[in-house]
Amino acid sequence: MYYLCLDCVTARNLELISNINNPRSNHSLYGVLNNTCTPMGARLLRTNTLQPLSDVTTINMRLDAVEELIRHEETFFAIRTALKPFQDIDHLITALIQVPKKPSVKHAEQSINNVIILKHTLNLIKLLKESFTGVQNSLLDAIYSLLTDLRLESFEERINDVINEDITYAKSPLALRNQRCYAVKAGFNGLLDVARQTYKETVDDLNEMIDQYREQYQLPIKTQFSSAAGFYLSINIDQLEDKQLPLTFINVKKKRKILTFTTLEVMKKNIKISDSLTEVYLMSDKTIEDLISEIRSGICVLYKASESIAMLDMLTSFAHQCTVSNHVRPEFTDTLAIRAGRNPMRENLYVDTFVPNDTYASSATNFQLITGPNMSGKSTYLRQIALMSIMSQIGSYVPAEYASFRMVNQLFTRICNDDNIESNASTFVVEMRETAYILQNVTDDSLVIIDELGRGTSTHDGLGITYAICEELLKTKAFIFFATHFHELTRSLTVYPNVVNLHLEVEIEEEDSRVAMKYLYRVKDGRNDDEHYGLKFGQIVGLPEDIIRKASEVSYKLKELIDSNKEKSNSNKIIQRRKTLLQLTQHLLQIRRSSNLDKDELRRYLKMVQEEFITKMEALL
Ligand SMILES: Nc1ncnc2c1ncn2[C@@H]1O[C@H](COP(=O)(O)OP(=O)(O)OP(=O)(O)O)[C@@H](O)[C@H]1O
Ligand SMILES: [Mg+2]
């Protein structure tokens, strides 16, 4: 398998393509990453976001190219500048390969347009090739060689045989109409030259006529053009200076301060111009069709050029992202290790205040339970891991100081989005359906993100089901990040050596009877010592004191009951000690496998690991 499998629920929950709250907003992963200059590049990025790669060689090839682009700033800017004027080449290809059932003037006109756009595109490809200076990279070389295909040059030669050399693509409708009219070289068809002459003369007559209007009525009339209406006239109301518009001017329309109008003569001329143009298009059609059918037979080369431009655009877009924010090149190893990782969709919103967090998961610590009060940043942290994995597997740099990923083949998420009215299923049913899907399909190289489970049913059933699901997931070697409000899980699941408890730090500030909670958004090892955040929260939002008092009594009593049962057994500590030992072994193995520290640094690092281990063991005696 070469792709990372994502289901549509995951794509929706992680807001890969569209924002859940506001479908019009482009605050999605695709929206954040999209710095492409061409429609082809944007489409490629979109498909890649939904279907990242899972082949390390290809990903590294992309990353090498991005690194090379970042290193050669001048080339990078030159390429981006050269990419900007490109039209949608795929669109052009679709238009070129269509053969009409019946010839029509409209099609003839469109065909000339297509040839002009193709000429323009070939010219832009030439300019793009010139911007590739000084880069040495296999992927960029491959792109360059696809753009240097000799068949592209032969297209250009053929076009130059038929089309006037100074014909270029123009944006304004009038200029483009003129380009179409004079596209085919003189001499292909005698009648074509006559029709063109009529066109030119009629346009000149019309301009002369409008000059006369200006003189006769002493008004600064402007000539306007639109593809639908042809030529028409306009004037700013202020310039009329209380005068009435003469009656010769008909079809008067007012748009803000501008009056538009025409005359019978102008309308007649428009018809004559249009007739002569129809002649021109029909006369040009045979020549143009011959040219297009020749191009059609070799169109595959244009497909390849379009694909390589899309890839180049996507890679420069990734490189651009690194220049505007601080991203690093990800590595691929057998551990997930991120230093100071940031959520790609949040870091731009909270530029100075976003708190970066570390992540570490290996085969010995593949199940991570995350707890923390409401609003402490659990969901943000979980999404950050999933989004960064996706980014790394499409060949993009990631927002962190250092990042190493284990290649993910399948990404599963179960994220709580309470509103699911369309599917007519209750919260609990949706939750269980999604979880069943995960359990059926999870493999050892999956990444599983579960943000709360078992909320939609009674506490005991919820806890029971969640515990059973965790045990099932623990049988795999998948990396699992599990956020939960069930603190009981953080105790009961610790019998498994590969379970790690994490929590999000908060500080409670109590002054007299006022309580304030300060969110630090920092992920810390272990579970929260104070679990009664719910009660504190209740106090902060102003629940009556009586209720808080009663709630505290019940909550503390229940906790005491559970704790007294636990402390009776010493087995917990034995399990903890074994677990610490196992983690140390894994840690040392990993250092041996993939550390590239020099001797002194390695010694210092090992000493630190040793001290940490001793402290942990002492606490468990
Ligand atoms: N690392 C961070 N740095 C800065 N702000 C953060 C960070 N993480 C989260 N936040 C802020 O905290 C808010 C709540 O975060 P989030 O939804 O992740 O909390 P939660 O723990 O999942 O809450 P709940 O338990 O209610 O689902 C976010 O909208 C964001 O404003
Ligand atoms: Mg949450």
# chains A, B, ... in the order shown; residues from 1 in each chain; ligands from 1
$ residues_near_ligand --ligand "ligand 2" --cutoff "9 Å" --atoms "only C-alpha atoms and all ligand atoms" --output "list in words"
Asn374, Met375, Ser376, Gly377, Lys378, Ser379, Thr380, Leu382, Ile415, Cys416, Asp451, Glu452, Ala483 and Thr484 of chain A
$ write_last_selection --atoms "N, CA, C and O atoms" --output "JSON list (two decimals), in the first residue's frame"
[["chain", "number", "residue", "atom", "x", "y", "z"],
["A", 374, "ASN", "N", -11.98, 20.46, 31.56],
["A", 374, "ASN", "CA", -12.54, 21.02, 30.33],
["A", 374, "ASN", "C", -11.76, 22.25, 29.91],
["A", 374, "ASN", "O", -11.29, 23.01, 30.77],
["A", 375, "MET", "N", -11.62, 22.42, 28.62],
["A", 375, "MET", "CA", -10.95, 23.60, 28.05],
["A", 375, "MET", "C", -9.45, 23.64, 28.32],
["A", 375, "MET", "O", -8.83, 24.68, 28.19],
["A", 376, "SER", "N", -8.86, 22.50, 28.70],
["A", 376, "SER", "CA", -7.44, 22.58, 29.03],
["A", 376, "SER", "C", -6.56, 22.34, 27.81],
["A", 376, "SER", "O", -5.35, 22.49, 27.88],
["A", 377, "GLY", "N", -7.16, 21.94, 26.68],
["A", 377, "GLY", "CA", -6.37, 21.79, 25.45],
["A", 377, "GLY", "C", -6.16, 20.35, 25.01],
["A", 377, "GLY", "O", -5.28, 20.09, 24.20],
["A", 378, "LYS", "N", -6.98, 19.43, 25.50],
["A", 378, "LYS", "CA", -6.80, 18.01, 25.12],
["A", 378, "LYS", "C", -7.05, 17.82, 23.62],
["A", 378, "LYS", "O", -6.23, 17.24, 22.92],
["A", 379, "SER", "N", -8.21, 18.32, 23.18],
["A", 379, "SER", "CA", -8.57, 18.10, 21.77],
["A", 379, "SER", "C", -7.53, 18.76, 20.84],
["A", 379, "SER", "O", -7.14, 18.18, 19.83],
["A", 380, "THR", "N", -7.11, 19.96, 21.22],
["A", 380, "THR", "CA", -6.14, 20.67, 20.39],
["A", 380, "THR", "C", -4.86, 19.84, 20.26],
["A", 380, "THR", "O", -4.29, 19.73, 19.17],
["A", 382, "LEU", "N", -4.51, 16.51, 20.64],
["A", 382, "LEU", "CA", -4.72, 15.29, 19.87],
["A", 382, "LEU", "C", -4.75, 15.59, 18.37],
["A", 382, "LEU", "O", -4.13, 14.90, 17.57],
["A", 415, "ILE", "N", -13.81, 11.58, 17.24],
["A", 415, "ILE", "CA", -13.79, 12.88, 17.88],
["A", 415, "ILE", "C", -15.23, 13.31, 18.11],
["A", 415, "ILE", "O", -16.08, 13.13, 17.24],
["A", 416, "CYS", "N", -15.48, 13.84, 19.29],
["A", 416, "CYS", "CA", -16.85, 14.14, 19.64],
["A", 416, "CYS", "C", -17.34, 15.41, 18.95],
["A", 416, "CYS", "O", -16.83, 16.49, 19.19],
["A", 451, "ASP", "N", -11.04, 11.03, 21.06],
["A", 451, "ASP", "CA", -11.27, 12.18, 21.91],
["A", 451, "ASP", "C", -12.59, 11.96, 22.64],
["A", 451, "ASP", "O", -13.66, 12.25, 22.11],
["A", 452, "GLU", "N", -12.52, 11.38, 23.79],
["A", 452, "GLU", "CA", -13.68, 11.11, 24.64],
["A", 452, "GLU", "C", -14.54, 9.98, 24.08],
["A", 452, "GLU", "O", -14.85, 9.95, 22.90],
["A", 483, "ALA", "N", -8.07, 10.73, 24.80],
["A", 483, "ALA", "CA", -8.40, 11.75, 25.82],
["A", 483, "ALA", "C", -9.66, 11.32, 26.53],
["A", 483, "ALA", "O", -10.60, 10.85, 25.90],
["A", 484, "THR", "N", -9.66, 11.43, 27.83],
["A", 484, "THR", "CA", -10.85, 10.97, 28.56],
["A", 484, "THR", "C", -11.08, 11.78, 29.83],
["A", 484, "THR", "O", -10.15, 12.37, 30.39]]
$ select_by_dssp --residues "range 166-254 of chain A" --states "alpha helix (DSSP H)" --output "number ranges by chain"
A: 173-181, 190-217
$ residues_around --residues "Asn13 in chain A" --least-positions-apart "4" --cutoff "8 Å" --atoms "only C-alpha atoms" --output "PyMOL selection string"
chain A and resi 9+20+413+415+417
$ closest_residue --among "A:Asp204, A:Glu215, A:Glu560, A:Glu431" --to "Asn270 in chain A" --atoms "only C-alpha atoms"
A:Asp204
$ closest_residue --among "A:Leu122, A:Leu83, A:Leu535, A:Leu259" --to "Ile547 in chain A" --atoms "only C-alpha atoms"
A:Leu535
$ closest_residue --among "A:Leu240, A:Leu349, A:Leu124, A:Leu219" --to "ligand 1" --atoms "only C-alpha atoms and all ligand atoms"
A:Leu349
$ select_by_dssp --residues "range 265-493 of chain A" --states "strand (DSSP E or B)" --output "PyMOL selection string"
chain A and resi 328+331-332+336-341+357-361+367-371+398+402-405+410-415+446-451+479-483
$ write_last_selection --atoms "C-alpha atoms" --output "PDB file, in the first residue's frame"
ATOM      1  CA  VAL A 328      11.129  21.678  10.455  1.00  0.00           C
ATOM      2  CA  GLU A 331      12.188  12.354   9.865  1.00  0.00           C
ATOM      3  CA  PHE A 332      10.782   8.862   9.607  1.00  0.00           C
ATOM      4  CA  LEU A 336       6.925   9.326  17.165  1.00  0.00           C
ATOM      5  CA  ALA A 337       8.939  12.101  18.730  1.00  0.00           C
ATOM      6  CA  ILE A 338       7.990  15.739  18.439  1.00  0.00           C
ATOM      7  CA  ARG A 339       9.703  18.568  20.254  1.00  0.00           C
ATOM      8  CA  ALA A 340       7.722  21.760  20.724  1.00  0.00           C
ATOM      9  CA  GLY A 341       5.006  20.752  18.279  1.00  0.00           C
ATOM     10  CA  ASN A 357       4.023  20.631  23.395  1.00  0.00           C
ATOM     11  CA  ASP A 358       6.229  17.563  23.107  1.00  0.00           C
ATOM     12  CA  THR A 359       4.998  14.142  22.045  1.00  0.00           C
ATOM     13  CA  TYR A 360       6.754  10.835  22.421  1.00  0.00           C
ATOM     14  CA  ALA A 361       5.416   7.404  21.561  1.00  0.00           C
ATOM     15  CA  PHE A 367      -1.087   3.876  24.366  1.00  0.00           C
ATOM     16  CA  GLN A 368      -1.326   7.360  25.811  1.00  0.00           C
ATOM     17  CA  LEU A 369      -4.165   8.436  28.046  1.00  0.00           C
ATOM     18  CA  ILE A 370      -4.670  12.164  28.245  1.00  0.00           C
ATOM     19  CA  THR A 371      -6.689  13.746  31.010  1.00  0.00           C
ATOM     20  CA  VAL A 398       5.819  20.470  10.173  1.00  0.00           C
ATOM     21  CA  TYR A 402      12.153  18.606  15.873  1.00  0.00           C
ATOM     22  CA  ALA A 403       9.859  15.907  14.534  1.00  0.00           C
ATOM     23  CA  SER A 404      10.229  12.225  13.853  1.00  0.00           C
ATOM     24  CA  PHE A 405       7.270  10.097  12.790  1.00  0.00           C
ATOM     25  CA  GLN A 410      -4.195   4.115   8.515  1.00  0.00           C
ATOM     26  CA  LEU A 411      -5.432   7.017  10.551  1.00  0.00           C
ATOM     27  CA  PHE A 412      -8.545   6.608  12.669  1.00  0.00           C
ATOM     28  CA  THR A 413     -10.269   9.245  14.698  1.00  0.00           C
ATOM     29  CA  ARG A 414     -13.197   9.275  17.037  1.00  0.00           C
ATOM     30  CA  ILE A 415     -13.793  12.885  17.884  1.00  0.00           C
ATOM     31  CA  SER A 446      -2.183   2.741  12.506  1.00  0.00           C
ATOM     32  CA  LEU A 447      -2.522   5.992  14.359  1.00  0.00           C
ATOM     33  CA  VAL A 448      -5.677   6.195  16.458  1.00  0.00           C
ATOM     34  CA  ILE A 449      -6.991   9.407  17.971  1.00  0.00           C
ATOM     35  CA  ILE A 450      -9.890   9.046  20.368  1.00  0.00           C
ATOM     36  CA  ASP A 451     -11.274  12.179  21.914  1.00  0.00           C
ATOM     37  CA  PHE A 479      -0.080   4.424  18.371  1.00  0.00           C
ATOM     38  CA  ILE A 480      -3.163   5.405  20.321  1.00  0.00           C
ATOM     39  CA  PHE A 481      -3.889   8.778  21.866  1.00  0.00           C
ATOM     40  CA  PHE A 482      -6.924   8.706  24.048  1.00  0.00           C
ATOM     41  CA  ALA A 483      -8.396  11.747  25.816  1.00  0.00           C
TER      42      ALA A 483
END
$ residues_around --residues "Val408 in chain A" --least-positions-apart "5" --cutoff "12 Å" --atoms "only C-alpha atoms" --output "CSV table (one decimal) with all heavy atoms, in the first residue's frame"
chain,number,residue,atom,x,y,z
A,1,MET,N,0.8,-1.2,0.0
A,1,MET,CA,0.0,0.0,0.0
A,1,MET,C,0.9,1.3,0.0
A,1,MET,O,1.8,1.3,0.7
A,1,MET,CB,-0.9,0.0,1.3
A,1,MET,CG,-2.1,0.8,1.1
A,1,MET,SD,-2.8,1.2,2.7
A,1,MET,CE,-3.1,-0.4,3.4
A,2,TYR,N,0.5,2.2,-0.9
A,2,TYR,CA,1.4,3.4,-0.9
A,2,TYR,C,0.7,4.7,-0.3
A,2,TYR,O,1.3,5.7,-0.3
A,2,TYR,CB,1.7,3.7,-2.4
A,2,TYR,CG,2.5,2.6,-3.0
A,2,TYR,CD1,2.0,1.7,-3.8
A,2,TYR,CD2,3.9,2.4,-2.6
A,2,TYR,CE1,2.7,0.6,-4.3
A,2,TYR,CE2,4.6,1.4,-3.1
A,2,TYR,CZ,4.1,0.5,-4.0
A,2,TYR,OH,4.8,-0.5,-4.5
A,3,TYR,N,-0.5,4.5,0.1
A,3,TYR,CA,-1.2,5.7,0.6
A,3,TYR,C,-1.7,5.5,2.0
A,3,TYR,O,-1.9,4.4,2.5
A,3,TYR,CB,-2.4,6.0,-0.2
A,3,TYR,CG,-2.1,6.3,-1.6
A,3,TYR,CD1,-2.3,5.5,-2.7
A,3,TYR,CD2,-1.5,7.6,-1.9
A,3,TYR,CE1,-1.9,5.8,-4.0
A,3,TYR,CE2,-1.2,7.9,-3.2
A,3,TYR,CZ,-1.4,7.0,-4.2
A,3,TYR,OH,-1.0,7.4,-5.5
A,4,LEU,N,-1.8,6.6,2.7
A,4,LEU,CA,-2.3,6.6,4.1
A,4,LEU,C,-3.9,6.6,3.9
A,4,LEU,O,-4.4,7.4,3.2
A,4,LEU,CB,-1.9,7.8,4.8
A,4,LEU,CG,-2.2,8.0,6.3
A,4,LEU,CD1,-1.3,9.1,6.9
A,4,LEU,CD2,-3.6,8.2,6.7
A,5,CYS,N,-4.5,5.6,4.5
A,5,CYS,CA,-6.0,5.5,4.4
A,5,CYS,C,-6.7,6.4,5.4
A,5,CYS,O,-6.4,6.3,6.6
A,5,CYS,CB,-6.5,4.1,4.7
A,5,CYS,SG,-6.4,3.1,3.2
A,6,LEU,N,-7.6,7.2,4.9
A,6,LEU,CA,-8.3,8.1,5.8
A,6,LEU,C,-9.8,7.9,5.5
A,6,LEU,O,-10.2,7.8,4.3
A,6,LEU,CB,-8.1,9.5,5.4
A,6,LEU,CG,-6.8,10.2,5.8
A,6,LEU,CD1,-6.7,11.5,5.1
A,6,LEU,CD2,-6.8,10.5,7.3
A,51,GLN,N,-5.4,12.1,0.8
A,51,GLN,CA,-4.8,10.9,0.6
A,51,GLN,C,-3.2,11.0,0.6
A,51,GLN,O,-2.6,11.0,-0.4
A,51,GLN,CB,-5.2,10.3,-0.8
A,51,GLN,CG,-5.0,8.8,-1.0
A,51,GLN,CD,-5.4,8.4,-2.3
A,51,GLN,OE1,-5.2,9.0,-3.3
A,51,GLN,NE2,-6.0,7.2,-2.4
A,52,PRO,N,-2.7,11.2,1.8
A,52,PRO,CA,-1.3,11.3,1.9
A,52,PRO,C,-0.6,10.0,1.5
A,52,PRO,O,-1.2,9.0,1.4
A,52,PRO,CB,-1.1,11.6,3.4
A,52,PRO,CG,-2.4,12.0,4.0
A,52,PRO,CD,-3.4,11.3,3.1
A,53,LEU,N,0.7,10.1,1.4
A,53,LEU,CA,1.5,8.9,1.0
A,53,LEU,C,1.9,8.1,2.2
A,53,LEU,O,1.8,8.6,3.3
A,53,LEU,CB,2.8,9.4,0.3
A,53,LEU,CG,2.6,10.4,-0.9
A,53,LEU,CD1,4.0,10.9,-1.3
A,53,LEU,CD2,1.9,9.7,-2.0
A,54,SER,N,2.3,6.9,1.9
A,54,SER,CA,2.9,6.1,3.0
A,54,SER,C,4.2,5.4,2.6
A,54,SER,O,4.6,4.4,3.1
A,54,SER,CB,1.9,5.1,3.6
A,54,SER,OG,1.7,4.1,2.6
A,55,ASP,N,4.8,6.0,1.5
A,55,ASP,CA,6.0,5.4,1.0
A,55,ASP,C,7.1,6.3,1.3
A,55,ASP,O,7.2,7.5,0.8
A,55,ASP,CB,5.8,5.2,-0.5
A,55,ASP,CG,7.1,4.9,-1.2
A,55,ASP,OD1,7.8,4.1,-0.6
A,55,ASP,OD2,7.3,5.3,-2.4
A,56,VAL,N,8.0,5.9,2.2
A,56,VAL,CA,9.0,6.8,2.7
A,56,VAL,C,9.9,7.3,1.7
A,56,VAL,O,10.3,8.5,1.7
A,56,VAL,CB,9.8,6.1,3.9
A,56,VAL,CG1,10.7,5.0,3.4
A,56,VAL,CG2,10.4,7.1,4.8
A,332,PHE,N,11.6,10.1,9.4
A,332,PHE,CA,10.8,8.9,9.6
A,332,PHE,C,11.6,7.8,10.3
A,332,PHE,O,12.6,7.3,9.7
A,332,PHE,CB,10.2,8.4,8.3
A,332,PHE,CG,9.2,9.4,7.7
A,332,PHE,CD1,9.6,10.4,6.9
A,332,PHE,CD2,7.9,9.4,8.2
A,332,PHE,CE1,8.7,11.4,6.5
A,332,PHE,CE2,7.0,10.3,7.8
A,332,PHE,CZ,7.4,11.3,6.9
A,333,THR,N,11.2,7.4,11.5
A,333,THR,CA,11.9,6.4,12.3
A,333,THR,C,10.8,5.4,12.8
A,333,THR,O,9.6,5.5,12.4
A,333,THR,CB,12.7,7.0,13.4
A,333,THR,OG1,11.7,7.7,14.2
A,333,THR,CG2,13.7,7.9,12.9
A,334,ASP,N,11.1,4.6,13.8
A,334,ASP,CA,10.1,3.8,14.4
A,334,ASP,C,9.5,4.4,15.7
A,334,ASP,O,8.8,3.7,16.4
A,334,ASP,CB,10.6,2.4,14.7
A,334,ASP,CG,11.9,2.4,15.5
A,334,ASP,OD1,12.3,3.5,15.8
A,334,ASP,OD2,12.4,1.3,15.7
A,335,THR,N,9.8,5.7,15.9
A,335,THR,CA,9.2,6.3,17.1
A,335,THR,C,8.5,7.6,16.6
A,335,THR,O,8.9,8.2,15.6
A,335,THR,CB,10.2,6.7,18.2
A,335,THR,OG1,11.3,7.3,17.5
A,335,THR,CG2,10.6,5.5,19.0
A,336,LEU,N,7.5,8.0,17.4
A,336,LEU,CA,6.9,9.3,17.2
A,336,LEU,C,7.5,10.3,18.2
A,336,LEU,O,7.3,10.1,19.4
A,336,LEU,CB,5.4,9.2,17.3
A,336,LEU,CG,4.6,10.5,17.3
A,336,LEU,CD1,4.7,11.1,16.0
A,336,LEU,CD2,3.1,10.2,17.6
A,385,ILE,N,-1.4,16.1,16.8
A,385,ILE,CA,-0.6,15.0,16.4
A,385,ILE,C,-1.0,14.4,15.1
A,385,ILE,O,-0.2,14.1,14.2
A,385,ILE,CB,-0.7,13.9,17.5
A,385,ILE,CG1,-0.2,14.4,18.8
A,385,ILE,CG2,0.0,12.6,17.1
A,385,ILE,CD1,-0.5,13.6,20.0
A,386,ALA,N,-2.4,14.3,14.9
A,386,ALA,CA,-2.9,13.7,13.7
A,386,ALA,C,-2.6,14.6,12.5
A,386,ALA,O,-2.1,14.2,11.4
A,386,ALA,CB,-4.4,13.6,13.8
A,388,MET,N,-0.2,16.9,12.1
A,388,MET,CA,1.3,16.9,11.8
A,388,MET,C,1.7,15.6,11.1
A,388,MET,O,2.5,15.6,10.2
A,388,MET,CB,2.1,17.1,13.1
A,388,MET,CG,2.1,18.5,13.5
A,388,MET,SD,2.8,18.7,15.1
A,388,MET,CE,4.5,18.7,14.8
A,389,SER,N,1.1,14.5,11.5
A,389,SER,CA,1.4,13.2,10.8
A,389,SER,C,1.0,13.3,9.3
A,389,SER,O,1.7,12.9,8.4
A,389,SER,CB,0.6,12.0,11.4
A,389,SER,OG,1.0,11.9,12.7
A,390,ILE,N,-0.2,13.9,9.1
A,390,ILE,CA,-0.7,14.0,7.7
A,390,ILE,C,0.3,14.9,6.9
A,390,ILE,O,0.7,14.6,5.8
A,390,ILE,CB,-2.1,14.5,7.7
A,390,ILE,CG1,-3.1,13.5,8.3
A,390,ILE,CG2,-2.5,15.0,6.3
A,390,ILE,CD1,-4.5,13.9,8.3
A,391,MET,N,0.6,16.0,7.6
A,391,MET,CA,1.5,17.0,6.9
A,391,MET,C,2.8,16.3,6.5
A,391,MET,O,3.3,16.5,5.4
A,391,MET,CB,1.8,18.2,7.8
A,391,MET,CG,0.7,19.2,7.8
A,391,MET,SD,1.0,20.5,9.0
A,391,MET,CE,2.2,21.5,8.2
A,392,SER,N,3.4,15.6,7.4
A,392,SER,CA,4.7,14.9,7.2
A,392,SER,C,4.5,14.0,6.0
A,392,SER,O,5.4,13.8,5.2
A,392,SER,CB,5.2,14.2,8.4
A,392,SER,OG,4.4,13.1,8.7
A,393,GLN,N,3.4,13.3,5.9
A,393,GLN,CA,3.2,12.2,4.9
A,393,GLN,C,2.8,12.8,3.5
A,393,GLN,O,2.7,12.0,2.6
A,393,GLN,CB,2.3,11.1,5.4
A,393,GLN,CG,3.1,10.3,6.4
A,393,GLN,CD,2.4,9.1,6.9
A,393,GLN,OE1,2.4,8.7,8.0
A,393,GLN,NE2,1.8,8.3,5.9
A,394,ILE,N,2.6,14.1,3.4
A,394,ILE,CA,2.4,14.6,2.1
A,394,ILE,C,3.7,15.3,1.6
A,394,ILE,O,3.7,15.9,0.5
A,394,ILE,CB,1.2,15.6,1.9
A,394,ILE,CG1,1.2,16.7,2.9
A,394,ILE,CG2,-0.1,14.9,2.1
A,394,ILE,CD1,0.0,17.7,2.8
A,442,VAL,N,-8.3,-1.6,12.8
A,442,VAL,CA,-7.0,-1.1,13.3
A,442,VAL,C,-5.9,-2.1,13.0
A,442,VAL,O,-6.1,-3.3,13.1
A,442,VAL,CB,-7.1,-0.8,14.8
A,442,VAL,CG1,-7.3,-2.0,15.6
A,442,VAL,CG2,-5.9,0.0,15.3
A,443,THR,N,-4.7,-1.6,12.6
A,443,THR,CA,-3.6,-2.5,12.4
A,443,THR,C,-2.4,-2.0,13.2
A,443,THR,O,-2.5,-0.9,13.8
A,443,THR,CB,-3.1,-2.5,10.9
A,443,THR,OG1,-2.9,-1.1,10.6
A,443,THR,CG2,-4.2,-3.0,10.0
A,444,ASP,N,-1.3,-2.7,13.2
A,444,ASP,CA,-0.1,-2.3,14.0
A,444,ASP,C,0.5,-1.0,13.6
A,444,ASP,O,1.1,-0.3,14.4
A,444,ASP,CB,0.9,-3.4,14.0
A,444,ASP,CG,0.5,-4.6,14.8
A,444,ASP,OD1,-0.4,-4.4,15.6
A,444,ASP,OD2,1.1,-5.7,14.7
A,445,ASP,N,0.3,-0.7,12.3
A,445,ASP,CA,0.9,0.6,11.9
A,445,ASP,C,-0.1,1.7,11.7
A,445,ASP,O,0.0,2.6,10.9
A,445,ASP,CB,1.8,0.5,10.6
A,445,ASP,CG,1.1,-0.5,9.7
A,445,ASP,OD1,-0.1,-0.6,9.7
A,445,ASP,OD2,1.8,-1.1,8.8
A,446,SER,N,-1.2,1.7,12.6
A,446,SER,CA,-2.2,2.7,12.5
A,446,SER,C,-1.9,3.8,13.6
A,446,SER,O,-1.2,3.6,14.5
A,446,SER,CB,-3.6,2.2,12.8
A,446,SER,OG,-3.9,1.1,12.0
A,447,LEU,N,-2.5,5.0,13.3
A,447,LEU,CA,-2.5,6.0,14.4
A,447,LEU,C,-4.0,6.2,14.7
A,447,LEU,O,-4.8,6.4,13.9
A,447,LEU,CB,-1.9,7.3,13.8
A,447,LEU,CG,-2.0,8.5,14.7
A,447,LEU,CD1,-1.1,8.3,15.9
A,447,LEU,CD2,-1.5,9.8,13.9
A,448,VAL,N,-4.3,6.1,16.0
A,448,VAL,CA,-5.7,6.2,16.5
A,448,VAL,C,-5.8,7.4,17.4
A,448,VAL,O,-5.1,7.5,18.4
A,448,VAL,CB,-6.1,4.9,17.2
A,448,VAL,CG1,-7.6,5.0,17.5
A,448,VAL,CG2,-5.9,3.7,16.3
A,477,LYS,N,-0.2,-2.8,18.1
A,477,LYS,CA,0.9,-2.0,18.4
A,477,LYS,C,0.7,-0.6,17.8
A,477,LYS,O,1.6,0.2,17.6
A,477,LYS,CB,2.2,-2.6,17.7
A,477,LYS,CG,2.6,-3.9,18.4
A,477,LYS,CD,4.1,-4.2,18.0
A,477,LYS,CE,4.7,-5.3,18.8
A,477,LYS,NZ,4.0,-6.6,18.6
A,478,ALA,N,-0.6,-0.3,17.4
A,478,ALA,CA,-0.9,1.0,16.9
A,478,ALA,C,-0.5,2.1,17.9
A,478,ALA,O,-0.6,1.8,19.1
A,478,ALA,CB,-2.3,1.1,16.5
A,479,PHE,N,-0.3,3.3,17.4
A,479,PHE,CA,-0.1,4.4,18.4
A,479,PHE,C,-1.5,5.0,18.7
A,479,PHE,O,-2.2,5.4,17.8
A,479,PHE,CB,0.8,5.5,17.7
A,479,PHE,CG,2.3,5.2,17.7
A,479,PHE,CD1,3.1,6.0,17.0
A,479,PHE,CD2,2.8,4.1,18.4
A,479,PHE,CE1,4.5,5.7,17.0
A,479,PHE,CE2,4.1,3.8,18.4
A,479,PHE,CZ,5.0,4.6,17.7
A,480,ILE,N,-1.8,5.0,20.0
A,480,ILE,CA,-3.2,5.4,20.3
A,480,ILE,C,-3.1,6.6,21.3
A,480,ILE,O,-2.4,6.5,22.3
A,480,ILE,CB,-3.9,4.2,21.0
A,480,ILE,CG1,-4.0,3.1,19.9
A,480,ILE,CG2,-5.3,4.6,21.4
A,480,ILE,CD1,-4.1,1.7,20.5
$ closest_atom_pairs --of "range 337-435 of chain A" --to "range 577-593 of chain A" --cutoff "9 Å" --atoms "only C-alpha atoms" --output "CSV"
residue,atom,partner,partner_atom,distance
A:Ser362,CA,A:Gln586,CA,8.1
A:Ser363,CA,A:Gln586,CA,8.2
A:Ala364,CA,A:Gln583,CA,6.3
A:Thr365,CA,A:Gln583,CA,7.5
